[in-house]
Each structure stands twice: as structure tokens, then as C-alpha cells.
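To start, the structure itself, in C-alpha cells.
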Amino acid sequence: MKYLSEFRDIKAIQKYIERIKIILNGQKISLMEVCGTHTMAISRYGIRSIVPENLRLISGPGCPVCVTPNYYIDRAVALAKEEDIIVATFGDMLRVPGSLSSLELVKIKGGDVRIVYSTMDALKIAENNPSKNVVFLGIGFETTAPTIAASIKEAKNKNIKNYFVLCAHKVMPPAMKALVANEKIGIDGFICPGHVSTIIGSNPYKFIPESYNKACVIAGFEPVDIVISIEMLIKQVIKGKPEVEIQYKRVVKPDGNTFALKTMYEVFEPCDSEWRGIGVIEGSGLKIKKDYSDFDAEENFEVEVETVRENKECICGLVLQGLKYPYECKLFRKLCTPENPVGACMVSSEGTCAAYFKYSDM
Ligand code: SF4
């Protein structure tokens, strides 16, 4: 396939769905995607509604904004309230509700919160505002961590002393380990993340078939990519021969992007990290190494953080683990909408609740 129209061809999609029905032959299988772009694509193209009923497609913790716990948002809000601090962030963090406020509310009240489109934009703000401290909100998976590492290296090279990162980066394989080990979820295979895999490659997923006997296919984002990947996954499950396959071969290589990985691990090192609703997962985060601690906002700013609390009615934590669907939340579509989000999963453009809301999934 070469052209976009071929990746969205309805006849091709129908052909694969028919084949999936035949291969499944009534067997119940559950597949989880752990990438927000896949979550959106599956909802947008109505894939959940055209696969057989016995094939359960579950959304996992693929949205970096959604998995970032409240205490991080609260800390960012506290920093944004400081006179001498400019908080720079990608746009989807702006409206995420913390315990008592959000960056958007602080901005409305006069806090200096700026939306940037790249980490280098944030670094420019620091260069242009030497009397202020610029704190960039470093959240995201392996896809974004290398670019943030590059900005920290650049700040060090240029001797920029007023650029900091509030780091809450996460890495995906340890989270997948926690999910696959949870029998309550009952995952038979993973639609592995396309973007993350361009950086880490396919090798880090090998423990999933080897230790847990579950299937893995790294998928592209077009509907034909996704239905082909589903067919590959259910073939692995039915044959009882799980492995890691790459469907998204036009982008993903087994070794990933070695330059990006080298940059990432030059600046960051693994740490335990808390995921909203899931808890602390061993080795699932990245923290700034000692050599670069001059750029670590956590190390350099002490701020008073307002009471940390989660909204008791929001079931984001269960949604992120695939234990509940968004429509099982009593606030969904009623009190919680993209215009008036109660939880992070409704705010982000890649959030599961936002995807279900936007595309009326189920
Ligand atoms: S619908 Fe809103 S309140 Fe309910 S789980 Fe999703 S984000 Fe949370």
C-alpha cells in the first residue's frame, strides 16, 4: 500500500473483518491498545462497532496527560502562581483539572502560562526572559522524552541557567507488564503503540510473549493498519504461538531509534513512577540524572502545593486499566464533557473518555 486512500479503503476493511470473524470462530479474545492515537483511531473509524462481539477491544493507559497524577498538576499549578516563573507546556495540559485548580484557571487569574509547540520554543522563552525562570512540563512517553532531553542538553551547552523541566515522563513496557499481570483485565494481546515503538523498537516487548504468553503486534494508525494488526494478533492467540510482530514496518524497526534512545538516557534514568489510577509501577518513569539536576524543577523550586485530592466520582483510573468503559461512569456525557471535563481522560485529545464522547462509541 502506498496511498492514504488504500489505508482507508472500506472494502479492504470489510475483507479483514470477515477474515477476523472466520479465524475467531466464536472464540472470546480481548485485545488492549496502549496508545492514545490508537484509541482515537479505533473510535473515529468505528472499528469497535464492526468487529465481532466476541472480540473485546479495550483501551489502556495510552494518553500521557491522562496517566499523570493529580499531584503533578497541583505542583505545576503552584509553580505557575509564582511571580518569577513562566510555565511552558504543550496545549493539552492546560485544562487538566488538578485537586483545586488548573493551569487554565491560573492563567486567567494572571499567571504566566504559555503554550509551546516544541521544547525548543520553551528554551527560546527562557533565553528571551533572563529575569524569569521557565519551567517546561515534561510529560509523555518515550516519544516525547528524547526531545525534552535534547532541550536540557541544549540548555547546558548554551549555559542557559533559567530553564527547568518538571519531569513526569513514563515508559511503556513496565506499565504493560503491570497490565498483563492483572488477571482481572484478562488481556490476550496488545496492539502495541506505534509512536513509542518508533523510538524503542520491538525488542522491549519480547517479555510479553516469553513470560506471559500473550500476543503483540506494533500497529500503524490507519483503519486498514488496525484491522490487519487485529488479524495478526488473533492468529497468534488462536495458534497459541505468541510473539512480537511489526505491522507498522514502514516506520518501526526492531532496534528503534538508537540516536533518540541515546539522547534520552544521557539525560534521564529509570525510576519508579505513579500512574493515575494504577499506582506506582516499578521502573516505569524517567527522572533527570544528577549531572543535569541544575535543570530539574523538582530539585530547584520549593512550592506550597494545595491539598491533593482526586474527584471521587471520576473513574479515570479504572478506564485507564480497561476495567471500565467511559459510559459506565455516571458523570459521562452528563456532568463530564470535553467543554466541562471532570477528569483527565475527558480533557486530552487522546483521552479514552474524550474519544468515546466525540465519536459516540457505544
Ligand atoms: S467521564 Fe469524566 S468523570 Fe467519568 S471517568 Fe471519564 S473523565 Fe472521569
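Labeling convention for the C-alpha cells: chains A, B, ... as they appear, residues from 1 per chain, ligands from 1 in order of appearance.
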
Name the residues in contact with Tyr292 (chain A) at a cut-off of 10 Å, using only C-alpha atoms, excluding same-chain residues fewer than 4 positions from it; report them as a ChimeraX atom specification. /A:149,152-153,155-156,164,266-268,288,296

Compile the contact shell of region 335-341 of chain A as a PyMOL selection string: residues with an atom at most 8 Å away, counting only C-alpha atoms, same-chain residues fewer than 5 positions apart removed. chain A and resi 96-97+346-347+354+357

Write the residues of the selection above to a file with C-alpha atoms, as an mmCIF file, in the first residue's frame.
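Okay, out.cif is ready:
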```cif
data_model
loop_
_atom_site.group_PDB
_atom_site.id
_atom_site.type_symbol
_atom_site.label_atom_id
_atom_site.label_comp_id
_atom_site.auth_asym_id
_atom_site.auth_seq_id
_atom_site.Cartn_x
_atom_site.Cartn_y
_atom_site.Cartn_z
ATOM 1 C CA VAL A 96 -6.484 19.208 33.046
ATOM 2 C CA PRO A 97 -8.130 19.633 36.447
ATOM 3 C CA MET A 346 -12.080 13.752 29.052
ATOM 4 C CA VAL A 347 -9.639 16.646 28.600
ATOM 5 C CA ALA A 354 -12.956 12.115 25.029
ATOM 6 C CA PHE A 357 -17.684 11.174 23.680
#
```

Once you count only C-alpha atoms and all ligand atoms, which residues end up within 10 Å of ligand 1, and could you hand them over as a VMD selection string? chain A and resid 66 96 311 to 320 324 to 338 340 to 348 351 to 354 356 to 357

Write the residues you've just listed into a file as a short mmCIF file (atom, residue, chain, number, x, y, z; two decimals), in the first residue's frame, and include C-alpha atoms for each of them.
```cif
data_model
loop_
_atom_site.label_atom_id
_atom_site.label_comp_id
_atom_site.auth_asym_id
_atom_site.auth_seq_id
_atom_site.Cartn_x
_atom_site.Cartn_y
_atom_site.Cartn_z
CA CYS A 66 -4.45 11.13 31.48
CA VAL A 96 -6.48 19.21 33.05
CA ASN A 311 -12.56 13.53 42.28
CA LYS A 312 -14.27 10.54 43.92
CA GLU A 313 -16.88 10.14 41.17
CA CYS A 314 -14.35 10.06 38.33
CA ILE A 315 -13.39 6.51 37.36
CA CYS A 316 -10.48 7.50 35.10
CA GLY A 317 -8.24 5.09 36.99
CA LEU A 318 -10.46 2.13 36.07
CA VAL A 319 -10.93 3.38 32.50
CA LEU A 320 -7.15 3.63 32.08
CA LYS A 324 -14.47 0.04 32.94
CA TYR A 325 -15.74 1.74 29.80
CA PRO A 326 -16.28 5.52 29.87
CA TYR A 327 -20.05 5.10 29.52
CA GLU A 328 -20.01 3.17 32.81
CA CYS A 329 -19.04 6.40 34.60
CA LYS A 330 -22.15 8.13 35.92
CA LEU A 331 -20.73 11.54 35.02
CA PHE A 332 -20.05 10.64 31.35
CA ARG A 333 -21.93 12.94 28.95
CA LYS A 334 -23.84 14.45 31.88
CA LEU A 335 -21.56 16.40 34.19
CA CYS A 336 -18.38 15.45 32.33
CA THR A 337 -17.97 16.65 28.74
CA PRO A 338 -14.99 17.99 26.75
CA ASN A 340 -16.59 20.86 31.13
CA PRO A 341 -14.19 18.00 31.91
CA VAL A 342 -14.21 16.45 35.36
CA GLY A 343 -11.34 14.04 34.78
CA ALA A 344 -8.16 13.96 32.71
CA CYS A 345 -9.50 11.26 30.35
CA MET A 346 -12.08 13.75 29.05
CA VAL A 347 -9.64 16.65 28.60
CA SER A 348 -6.91 15.27 26.44
CA GLY A 351 -8.19 10.50 26.27
CA THR A 352 -10.46 7.45 26.20
CA CYS A 353 -13.48 9.34 27.58
CA ALA A 354 -12.96 12.11 25.03
CA TYR A 356 -15.96 7.81 23.33
CA PHE A 357 -17.68 11.17 23.68
#
```

With a distance cut-off of 10 Å and only C-alpha atoms, select the neighbouring residues of region 102-116 of chain A, excluding the residue or stretch itself and same-chain residues fewer than 4 positions from it, and output the selection as an MDAnalysis selection string. chainID A and resid 73:74 76:98 120:123 125 134:136

Can you list, as an MDAnalysis selection string, every protein, DNA or RNA residue that comes within 8 Å of Val51 (chain A) when you count only C-alpha atoms, leaving out same-chain residues fewer than 4 positions away? chainID A and resid 17 20:21 47 55

Rows by chain and residue number, region 221-275 of chain A within 6 Å of region 179-199 of chain A, shortest pair, only C-alpha atoms, as a Markdown table:
```
| residue | atom | partner | partner_atom | distance |
| --- | --- | --- | --- | --- |
| A:Val252 | CA | A:Thr198 | CA | 4.7 |
| A:Gly256 | CA | A:Ile199 | CA | 4.7 |
| A:Asn257 | CA | A:Ile199 | CA | 4.7 |
```

Let's have the selection written as a short mmCIF file (atom, residue, chain, number, x, y, z; two decimals), in the first residue's frame, with N, CA and C atoms.
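And here's result_31.cif as it stands now:
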```cif
data_model
loop_
_atom_site.label_atom_id
_atom_site.label_comp_id
_atom_site.auth_asym_id
_atom_site.auth_seq_id
_atom_site.Cartn_x
_atom_site.Cartn_y
_atom_site.Cartn_z
N VAL A 252 8.55 1.48 11.97
CA VAL A 252 9.17 0.88 13.16
C VAL A 252 10.22 -0.19 12.79
N GLY A 256 14.58 0.23 17.03
CA GLY A 256 14.08 1.58 17.28
C GLY A 256 15.02 2.65 16.76
N ASN A 257 14.96 3.80 17.41
CA ASN A 257 15.79 4.95 17.01
C ASN A 257 16.93 5.07 18.03
#
```

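If only C-alpha atoms are the atoms counted, then among A:Leu137, A:Leu100, A:Val251, A:Met232 the closest residue to Gly220 (chain A) is A:Val251.
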
Show which residues sit within 7 Å of region 171-173 of chain A, as an MDAnalysis selection string. Count only C-alpha atoms, and ignore same-chain residues fewer than 4 positions away. chainID A and resid 141:142 177 204:205 284:285

Please save C-alpha atoms of the selected residues as a JSON list (two decimals), in the first residue's frame.
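Writing the result to part38.json gives the following:
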```json
[["chain", "number", "residue", "atom", "x", "y", "z"],
["A", 141, "PHE", "CA", 6.20, 8.58, 26.90],
["A", 142, "GLU", "CA", 9.33, 7.57, 25.02],
["A", 177, "LYS", "CA", 3.89, -5.71, 32.39],
["A", 204, "PRO", "CA", 11.47, -4.33, 24.66],
["A", 205, "TYR", "CA", 8.10, -6.12, 24.26],
["A", 284, "SER", "CA", 8.06, 2.96, 34.70],
["A", 285, "GLY", "CA", 9.28, 6.55, 34.92]]
```

Pick out each residue of region 147-348 of chain A that DSSP on the backbone tags as strand (DSSP E); I need them as a PyMOL selection string. chain A and resi 163-170+189-192+215-218+244-246+268-275+279-288

Write the residues of the preceding selection, restricted to C-alpha atoms, as a PDB file, in the first residue's frame.
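Contents of result_36.pdb, as written:
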```
ATOM      1  CA  TYR A 163      15.389  26.698  32.018  1.00  0.00           C
ATOM      2  CA  PHE A 164      13.926  23.825  34.077  1.00  0.00           C
ATOM      3  CA  VAL A 165      11.860  20.734  33.441  1.00  0.00           C
ATOM      4  CA  LEU A 166       9.207  19.378  35.806  1.00  0.00           C
ATOM      5  CA  CYS A 167       9.665  15.770  34.861  1.00  0.00           C
ATOM      6  CA  ALA A 168       6.932  13.129  34.896  1.00  0.00           C
ATOM      7  CA  HIS A 169       7.981  11.055  31.909  1.00  0.00           C
ATOM      8  CA  LYS A 170       6.852   7.499  31.705  1.00  0.00           C
ATOM      9  CA  GLY A 189      -2.747  -9.475  23.303  1.00  0.00           C
ATOM     10  CA  PHE A 190      -1.546  -5.923  22.859  1.00  0.00           C
ATOM     11  CA  ILE A 191      -1.975  -3.571  19.937  1.00  0.00           C
ATOM     12  CA  CYS A 192       1.461  -2.125  20.715  1.00  0.00           C
ATOM     13  CA  ALA A 215       0.435 -11.667  21.688  1.00  0.00           C
ATOM     14  CA  CYS A 216       1.960  -8.390  20.499  1.00  0.00           C
ATOM     15  CA  VAL A 217       1.651  -6.510  17.215  1.00  0.00           C
ATOM     16  CA  ILE A 218       3.007  -2.997  16.681  1.00  0.00           C
ATOM     17  CA  VAL A 244       6.148  -9.680  18.778  1.00  0.00           C
ATOM     18  CA  GLU A 245       5.299  -8.749  15.194  1.00  0.00           C
ATOM     19  CA  ILE A 246       5.606  -5.388  13.471  1.00  0.00           C
ATOM     20  CA  PHE A 268      17.222  10.659  32.147  1.00  0.00           C
ATOM     21  CA  GLU A 269      17.436   7.485  34.193  1.00  0.00           C
ATOM     22  CA  PRO A 270      14.681   4.999  35.097  1.00  0.00           C
ATOM     23  CA  CYS A 271      12.707   5.466  38.312  1.00  0.00           C
ATOM     24  CA  ASP A 272       9.508   4.158  39.863  1.00  0.00           C
ATOM     25  CA  SER A 273       6.541   6.264  38.818  1.00  0.00           C
ATOM     26  CA  GLU A 274       2.918   6.724  39.771  1.00  0.00           C
ATOM     27  CA  TRP A 275       0.244   6.264  37.105  1.00  0.00           C
ATOM     28  CA  GLY A 279      -0.452   3.343  41.343  1.00  0.00           C
ATOM     29  CA  VAL A 280       3.316   3.174  41.428  1.00  0.00           C
ATOM     30  CA  ILE A 281       4.847   0.928  38.773  1.00  0.00           C
ATOM     31  CA  GLU A 282       8.446  -0.128  39.250  1.00  0.00           C
ATOM     32  CA  GLY A 283      10.850   1.328  36.686  1.00  0.00           C
ATOM     33  CA  SER A 284       8.061   2.959  34.698  1.00  0.00           C
ATOM     34  CA  GLY A 285       9.276   6.549  34.924  1.00  0.00           C
ATOM     35  CA  LEU A 286      12.215   8.681  33.916  1.00  0.00           C
ATOM     36  CA  LYS A 287      13.956  11.160  36.200  1.00  0.00           C
ATOM     37  CA  ILE A 288      16.624  13.718  35.419  1.00  0.00           C
TER      38      ILE A 288
END
```

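Around Ile10 (chain A), within 12 Å and counting only C-alpha atoms, the residues found are Ser5, Glu6, Phe7, Ile13, Gln14, Lys15, Tyr16, Ile17, Tyr45, Gly46, Ile47, Ile50, Glu222, Pro223, Val224 and Val227 of chain A, once anything fewer than 3 positions away on its own chain is removed.
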
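Residues lying within 8 Å of Thr37 (chain A), counting only C-alpha atoms and ignoring same-chain neighbours fewer than 3 positions away, are Met40, Ala41, Gly62, Phe221 and Glu350 of chain A.
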
Could those residues be written to a file, using C-alpha atoms, as a short mmCIF file (atom, residue, chain, number, x, y, z; two decimals), in the first residue's frame?
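Below is the file result18.cif, written as the result:
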```cif
data_model
loop_
_atom_site.label_atom_id
_atom_site.label_comp_id
_atom_site.auth_asym_id
_atom_site.auth_seq_id
_atom_site.Cartn_x
_atom_site.Cartn_y
_atom_site.Cartn_z
CA MET A 40 -8.80 7.81 18.90
CA ALA A 41 -8.41 5.94 15.58
CA GLY A 62 -2.05 5.37 26.30
CA PHE A 221 -2.76 4.25 12.81
CA GLU A 350 -6.14 11.33 23.19
#
```

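Nearest residue to Ala297 (chain A) among A:Lys249, A:Lys28, A:Lys2, A:Arg75 is A:Arg75, counting only C-alpha atoms.
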
Out of region 4-202 of chain A, which residues get alpha helix (DSSP H) from DSSP, as a ChimeraX atom specification? /A:4-7,10-24,36-44,47-50,64-67,70-80,103-108,119-128,145-157,172-181,194-200

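Checking A:His38, A:Pro174, A:Glu306, A:Gly240 one by one against Ser349 (chain A), counting only C-alpha atoms, you find the shortest gap at A:His38.
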
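Straight-line separation from CA of Cys35 (chain A) to CA of Thr143 (chain A): 10.9 Å.
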
Å distance separating CA of Met176 (chain A) from CA of Lys206 (chain A), one decimal place: 11.4 Å

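Nearest-residue note for Arg8 (chain A): choosing from A:Asp225, A:Asn25, A:Leu233, A:Pro64, the minimum distance belongs to A:Asp225, counting only C-alpha atoms.
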
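In this model, the gap between CA of Ser229 (chain A) and CA of Ala355 (chain A) comes to 20.4 Å.
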